[in-house]
Each structure stands twice: as structure tokens, then as C-alpha cells.
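Student: So here's run_17.cif (mmCIF, C-alpha atoms and all ligand atoms).
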```
data_final
#
loop_
_atom_site.label_atom_id
_atom_site.label_comp_id
_atom_site.auth_asym_id
_atom_site.auth_seq_id
_atom_site.Cartn_x
_atom_site.Cartn_y
_atom_site.Cartn_z
CA MET D 548 0.00 0.00 0.00
CA ARG D 549 1.30 3.40 -0.88
CA THR D 550 0.98 6.01 1.77
CA VAL D 551 3.67 8.35 0.58
CA SER D 552 2.48 11.76 -0.42
CA PRO D 553 4.42 14.11 -2.64
CA GLY D 554 5.20 16.23 0.39
CA ILE D 555 7.32 13.59 2.08
CA ARG D 556 10.86 14.55 2.93
CA SER D 557 13.81 12.47 1.98
CA THR D 558 14.99 12.49 5.57
CA ASP D 559 11.70 11.24 6.92
CA THR D 560 12.56 7.74 8.01
CA SER D 561 9.07 7.12 9.35
CA ILE D 562 8.05 6.02 5.88
CA TRP D 563 9.63 2.67 6.62
CA SER D 564 7.58 2.04 9.71
CA ASP D 565 4.34 3.29 8.20
CA SER D 566 4.53 0.99 5.27
CA ILE D 567 7.33 -0.87 3.65
CA LEU D 568 7.86 0.69 0.32
CA CYS D 569 10.28 -0.11 -2.34
CA THR D 570 10.08 2.41 -5.06
CA LEU D 571 8.92 5.86 -4.17
CA PRO D 572 7.63 7.96 -6.97
CA SER D 573 10.18 10.51 -8.04
CA VAL D 574 8.71 13.09 -5.75
CA HIS D 575 12.01 14.92 -5.50
CA GLU D 576 12.51 15.42 -9.19
CA ALA D 577 10.56 18.64 -9.31
CA GLN D 578 12.28 20.11 -6.26
CA SER D 579 15.15 22.46 -6.74
CA SER D 580 18.37 21.73 -4.92
CA GLU D 581 17.68 24.71 -2.67
CA GLU D 582 14.31 23.22 -1.73
CA ARG D 583 15.85 19.85 -0.96
CA LEU D 584 18.39 21.48 1.34
CA ARG D 585 15.70 23.45 3.15
CA ALA D 586 13.52 20.35 3.48
CA ALA D 587 16.43 18.69 5.25
CA ALA D 588 16.84 21.70 7.54
CA LEU D 589 20.21 22.50 5.99
CA ARG D 590 21.41 26.01 5.39
CA VAL D 591 21.45 26.84 1.70
CA THR D 592 24.97 27.73 0.58
CA ARG D 593 26.44 28.01 -2.90
CA PRO D 594 28.82 25.06 -2.42
CA ARG D 595 25.98 22.86 -1.16
CA VAL D 596 23.74 23.79 -4.06
CA ALA D 597 26.58 23.26 -6.56
CA VAL D 598 27.45 19.83 -5.11
CA LEU D 599 23.83 18.71 -5.04
CA ASP D 600 23.28 19.96 -8.60
CA ALA D 601 26.39 18.07 -9.72
CA VAL D 602 25.27 14.80 -8.14
CA ARG D 603 21.74 15.15 -9.50
CA GLU D 604 23.12 15.64 -13.00
CA HIS D 605 25.72 12.89 -12.65
CA PRO D 606 24.27 10.07 -10.55
CA HIS D 607 26.87 7.75 -8.99
CA ALA D 608 29.68 10.24 -9.57
CA ASP D 609 32.82 9.81 -7.51
CA THR D 610 34.36 12.55 -5.42
CA ASP D 611 37.00 13.56 -7.97
CA SER D 612 34.37 13.99 -10.66
CA ILE D 613 32.17 16.00 -8.32
CA VAL D 614 35.08 18.30 -7.43
CA ARG D 615 35.72 18.86 -11.14
CA ILE D 616 32.09 19.60 -11.90
CA VAL D 617 31.69 21.94 -8.93
CA ARG D 618 34.87 23.82 -9.89
CA GLY D 619 33.36 24.27 -13.33
CA SER D 620 30.29 25.94 -11.89
CA LEU D 621 31.71 27.76 -8.84
CA GLY D 622 35.24 28.51 -9.89
CA THR D 623 37.66 27.87 -7.08
CA VAL D 624 36.55 25.55 -4.34
CA SER D 625 38.79 23.37 -2.24
CA THR D 626 38.62 19.60 -2.40
CA GLN D 627 38.15 19.61 1.36
CA ALA D 628 35.12 21.89 1.05
CA VAL D 629 33.51 19.48 -1.40
CA TYR D 630 34.30 16.54 0.92
CA ASP D 631 32.71 18.43 3.80
CA VAL D 632 29.56 19.16 1.78
CA LEU D 633 29.30 15.54 0.61
CA ARG D 634 29.57 14.35 4.20
CA ALA D 635 26.99 16.86 5.47
CA LEU D 636 24.50 16.06 2.72
CA SER D 637 24.95 12.31 3.18
CA THR D 638 24.48 12.57 6.93
CA ALA D 639 21.31 14.59 6.39
CA GLY D 640 19.96 12.02 3.95
CA VAL D 641 19.96 14.40 0.99
CA LEU D 642 22.59 12.29 -0.72
CA ARG D 643 23.23 8.58 -0.58
CA ARG D 644 26.79 7.32 -0.54
CA ILE D 645 27.45 3.98 -2.15
CA GLU D 646 30.68 2.06 -2.40
CA PRO D 647 30.50 -1.08 -4.51
CA ALA D 648 33.37 -3.50 -3.82
CA GLY D 649 36.51 -2.35 -5.61
CA SER D 650 35.10 1.10 -6.28
CA VAL D 651 35.67 4.45 -4.69
CA ALA D 652 32.75 6.10 -2.91
CA ARG D 653 30.06 7.40 -5.19
CA TYR D 654 27.11 9.64 -4.52
CA GLU D 655 23.56 9.90 -5.74
CA ALA D 656 20.59 12.13 -4.99
CA ARG D 657 18.05 9.34 -5.40
CA VAL D 658 17.44 8.52 -1.75
CA GLY D 659 14.95 6.69 0.40
CA ASP D 660 13.59 4.23 -2.13
CA ASN D 661 15.78 1.19 -1.41
CA HIS D 662 16.81 0.91 -5.04
CA HIS D 663 19.74 -1.28 -5.89
CA HIS D 664 22.71 -1.12 -8.22
CA LEU D 665 23.94 -3.10 -11.17
CA VAL D 666 27.67 -2.72 -11.76
CA CYS D 667 29.61 -3.73 -14.87
CA ARG D 668 32.74 -5.72 -14.03
CA GLY D 669 34.30 -4.57 -17.27
CA CYS D 670 33.97 -0.80 -17.25
CA GLY D 671 32.51 0.01 -13.85
CA THR D 672 29.32 1.54 -15.21
CA ILE D 673 26.63 1.66 -12.53
CA VAL D 674 22.92 1.68 -13.23
CA ASP D 675 19.95 1.86 -10.88
CA ILE D 676 17.73 -1.16 -10.42
CA ASP D 677 14.30 -0.72 -8.88
CA CYS D 678 13.77 -3.16 -6.04
CA ALA D 679 10.19 -3.91 -7.00
CA VAL D 680 7.09 -1.87 -7.43
CA GLY D 681 4.71 -1.52 -4.53
CA ALA D 682 6.66 -3.63 -2.03
CA ALA D 683 10.27 -4.03 -0.98
CA PRO D 684 10.91 -7.77 -0.79
CA CYS D 685 14.55 -7.17 0.10
CA LEU D 686 13.49 -5.49 3.34
CA LEU D 687 11.51 -8.52 4.46
CA THR D 688 13.88 -10.91 6.17
CA ASP D 689 13.16 -14.33 7.62
CA ASP D 690 14.26 -13.01 10.99
CA ASP D 691 14.86 -9.32 11.66
CA HIS D 692 16.42 -10.06 15.08
CA GLY D 693 14.37 -7.21 16.46
CA TYR D 694 16.01 -4.60 14.20
CA VAL D 695 13.99 -1.93 12.45
CA ILE D 696 15.25 -2.47 8.93
CA ASP D 697 15.21 0.51 6.60
CA GLU D 698 17.61 -0.45 3.83
CA ALA D 699 18.86 -3.47 1.96
CA GLU D 700 22.13 -2.80 0.17
CA ILE D 701 22.24 -5.08 -2.80
CA THR D 702 24.68 -4.94 -5.69
CA PHE D 703 24.20 -6.94 -8.85
CA TRP D 704 27.38 -7.60 -10.82
CA GLY D 705 27.76 -8.43 -14.47
CA LEU D 706 28.84 -7.08 -17.83
CA CYS D 707 27.17 -4.20 -19.59
CA PRO D 708 26.06 -4.85 -23.18
CA ALA D 709 29.15 -3.17 -24.63
CA CYS D 710 31.56 -5.12 -22.44
CA ALA D 711 29.67 -8.36 -23.05
CA ARG D 712 30.22 -7.87 -26.76
CA GLY D 713 33.90 -7.50 -26.09
CA ARG D 714 34.32 -3.95 -27.17
CA GLU D 715 34.93 -0.73 -25.37
CA PRO D 716 31.81 1.09 -24.29
CA SER D 717 31.29 4.09 -26.54
CA ILE D 718 31.25 6.37 -23.52
CA GLY D 719 32.73 5.89 -20.09
CA GLY D 720 35.33 3.29 -20.84
CA ASP D 721 37.19 3.57 -17.57
CA ILE D 722 36.49 2.56 -14.02
CA THR D 723 36.04 6.12 -12.80
CA SER D 724 33.33 6.92 -15.27
CA THR D 725 29.74 7.11 -14.24
CA THR D 726 28.41 7.51 -17.71
CA GLN D 727 26.19 4.82 -19.10
CA PRO D 728 27.33 3.40 -22.38
CA GLU D 729 25.11 4.47 -25.20
CA GLU D 730 23.82 2.00 -27.66
ZN ZN B 801 30.84 -2.38 -19.17
ZN ZN B 802 21.51 4.61 -7.61
ZN ZN B 803 15.20 -5.20 -3.51
#
```
Would you mind writing the structure in this file as C-alpha cells?

Tutor:
Amino acid sequence: MRTVSPGIRSTDTSIWSDSILCTLPSVHEAQSSEERLRAAALRVTRPRVAVLDAVREHPHADTDSIVRIVRGSLGTVSTQAVYDVLRALSTAGVLRRIEPAGSVARYEARVGDNHHHLVCRGCGTIVDIDCAVGAAPCLLTDDDHGYVIDEAEITFWGLCPACARGREPSIGGDITSTTQPEE
């Protein structure tokens, strides 16, 4: 049963206790980065907006890429400042930090929906996988040991179509890329 209204905040963890949901509608898509920061009770600063914009435009980007993108939009900004913003936004639930085995940390702005990731062993491309629609089977364990479970971190591994065909992906042919190969 869906009880999530478009007004729900990404940091509102009560959604898990109210009803176990897998895939939330993209209620955040229409929100500006400023609005997302305010909804999380975070002060709106230019570095925060620039970092959030960068991650929204480049899902699963790593820190180095985010620093590059933010420098492109803000001009000078220290690597440490970007690290600090990434940490603050992750702690507040505005960003989700993922770290597939063998990969550096990556960030995404799609939060709170228990989606999973599919990673290419060949080129490192990461794509989102919806858990299921209407229910989150991965959150239902045989025995929860009394824990209140709010996330199942699942990574599917394989080869993207380009790598499976034994050729370089047309875009994003290295492990640091977050770009999906285009067909
Ligand atoms: Zn690949
Ligand atoms: Zn994702
Ligand atoms: Zn799942």
C-alpha cells in the first residue's frame, strides 16, 4: 500500500515504519536543490547547491568527478570543502553514498527508495535497479532479530552490453566513469 504523499521529505525515516515501500515515486525530481536542502533543515549555501546539482546531474559520480564539476560551476573551491559538503548532505539524507566493492565512494541524490545497483565488471558503469514496485521484498527478512530495517544494500554484478560484446563502451570506458554506455 502506498501512503507516501508528494510532500514527504527524503529524511523522513518514518516512511519505513508506516509501510514498507520499495520504489517511491520521483517526488524529488521537481524540487530544486535549494528546496531539498531546506527540506532537510540544511542552510542553503552556494557550495551545497553546486554539489547537489552536480550529483543530480551525474548520478553515482565519484568525489573527484564532483570536485571537477563543482569547480566548473563555482570557480575555485577546495577539495576539502567538497568533501565536507558531501559528508553533510549524506548525513542529512539528501545524498546517498554507495561504495561497490573495488570502487571508490560514489554519490547519488536518489534517496529513500531502497533501489539497488547493477555494476559492470568490465567498465565500472553503474545503473539503478528498482527493487520492485509496490513492495520491498529485500526489506523482508526471515528473521529481523528485532532490528527496524530501513535499507537493503544489494549490488548486482555483471557485464554491460558493450563489455559483453567484447568492445569498449562508446562512452565511459574507464572505471572512474559514471556515464552509461550508449547503444
Ligand atoms: Zn561495461
Ligand atoms: Zn543509484
Ligand atoms: Zn530489492

Student: Mind dumping a table of every chain D residue within 10 Å of ligand ZN 803 (chain B), with the nearest atom pair and its distance in Å to one decimal, using only C-alpha atoms and all ligand atoms, sorted by chain and rising number, as a tab-separated table?

Tutor:
```
residue	atom	partner	partner_atom	distance
D:Cys569	CA	B:ZN803	ZN	7.2
D:Thr570	CA	B:ZN803	ZN	9.3
D:Asp660	CA	B:ZN803	ZN	9.7
D:Asn661	CA	B:ZN803	ZN	6.8
D:His662	CA	B:ZN803	ZN	6.5
D:His663	CA	B:ZN803	ZN	6.5
D:His664	CA	B:ZN803	ZN	9.8
D:Ile676	CA	B:ZN803	ZN	8.4
D:Asp677	CA	B:ZN803	ZN	7.1
D:Cys678	CA	B:ZN803	ZN	3.6
D:Ala679	CA	B:ZN803	ZN	6.2
D:Val680	CA	B:ZN803	ZN	9.6
D:Ala682	CA	B:ZN803	ZN	8.8
D:Ala683	CA	B:ZN803	ZN	5.7
D:Pro684	CA	B:ZN803	ZN	5.7
D:Cys685	CA	B:ZN803	ZN	4.2
D:Leu686	CA	B:ZN803	ZN	7.1
D:Leu687	CA	B:ZN803	ZN	9.4
D:Glu698	CA	B:ZN803	ZN	9.1
D:Ala699	CA	B:ZN803	ZN	6.8
D:Glu700	CA	B:ZN803	ZN	8.2
D:Ile701	CA	B:ZN803	ZN	7.1
D:Thr702	CA	B:ZN803	ZN	9.7
```

Student: At a cut-off of 9 Å and counting all atoms listed in the file, what residues surround ligand ZN 802 (chain B)? Please answer as a PyMOL selection string.

Tutor: chain D and resi 606-607+643+645+654-658+662-665+673-676

Student: Dump the neighbourhood of ligand ZN 801 (chain B) as a list in words: all residues within 7 Å, distances computed on only C-alpha atoms and all ligand atoms.

Tutor: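 So the residues close to ligand ZN 801 (chain B) are Cys667, Arg668, Gly669, Cys670, Gly671, Thr672, Leu706, Cys707, Pro708, Ala709, Cys710 and Pro716 of chain D.
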
Student: Ranking D:Pro647, D:Thr688, D:Ala577, D:Ala639 by minimum distance to Arg590 (chain D) and counting only C-alpha atoms, which one comes first?

Tutor: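 Among the listed residues, the smallest separation from Arg590 (chain D) belongs to D:Ala639.
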
Student: Taking every listed atom of region 602-619 of chain D and adding 8 Å to each side, what centre and edge lengths in Å (one decimal) does the axis-aligned box have, as lines of an AutoDock Vina configuration file?

Tutor:
```
center_x = 29.4
center_y = 16.0
center_z = -9.4
size_x = 31.3
size_y = 32.5
size_z = 23.9
```

Student: Nearest to Leu584 (chain D) among D:His605, D:Gly659, D:Phe703, D:Leu636, with distances taken over all atoms listed in the file: which residue is it?

Tutor: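 Of the candidates, the smallest distance to Leu584 (chain D) is held by D:Leu636.
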
Student: What separation in Å, quoted to one decimal, exists between CA of Ala652 (chain D) and CA of Ala711 (chain D)?

Tutor: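 Calculated distance between CA of Ala652 (chain D) and CA of Ala711 (chain D) is 25.0 Å.
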
Student: Between D:Ile696, D:Ala628, D:Leu633, D:Ala648, which residue has the minimum interatomic distance to Leu599 (chain D), considering all atoms listed in the file?

Tutor: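 The answer is D:Leu633, which sits nearest to Leu599 (chain D).
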
Student: Could you produce a table of the residues of region 585-607 of chain D lying within 10 Å of region 615-621 of chain D, with the nearest pair of atoms per residue and their separation in Å rounded to one decimal, using all atoms listed in the file, ordered by chain and increasing residue number, as a tab-separated table?

Tutor:
```
residue	atom	partner	partner_atom	distance
D:Arg593	CA	D:Leu621	CA	7.9
D:Pro594	CA	D:Leu621	CA	7.5
D:Arg595	CA	D:Val617	CA	9.7
D:Val596	CA	D:Val617	CA	9.5
D:Ala597	CA	D:Val617	CA	5.8
D:Val598	CA	D:Val617	CA	6.1
D:Leu599	CA	D:Val617	CA	9.3
D:Asp600	CA	D:Val617	CA	8.6
D:Ala601	CA	D:Ile616	CA	6.3
D:Val602	CA	D:Ile616	CA	9.1
D:Glu604	CA	D:Ile616	CA	9.9
D:His605	CA	D:Ile616	CA	9.3
```

Student: Which residue, D:His692, D:Arg714, D:Asp697, D:Ala587, has the smallest gap to Thr638 (chain D) when you use all atoms listed in the file?

Tutor: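 Comparing D:His692, D:Arg714, D:Asp697, D:Ala587 against Thr638 (chain D), the winner is D:Ala587.
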
Student: Can you measure CA of Arg583 (chain D) to CA of Val666 (chain D) for me? One decimal in Å is fine.

Tutor: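 Between CA of Arg583 (chain D) and CA of Val666 (chain D) the gap works out to 27.7 Å.
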
Student: Could you state the separation of CA of Asp631 (chain D) and CA of Thr610 (chain D) in Å, given to one decimal place?

Tutor: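 Taking CA of Asp631 (chain D) as the start and CA of Thr610 (chain D) as the end point, the length is 11.1 Å.
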
Student: Of the candidates D:Val641, D:Gly713, D:Val632, D:Asp609, which shows the shortest atom-to-atom distance to Ala586 (chain D), using only C-alpha atoms?

Tutor: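 The closest residue to Ala586 (chain D) is D:Val641.
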
Student: With only C-alpha atoms as the basis for distance, which of D:Ala608, D:Arg634, D:Ser580, D:Ile613 is at the shortest distance from Ser650 (chain D)?

Tutor: D:Ala608
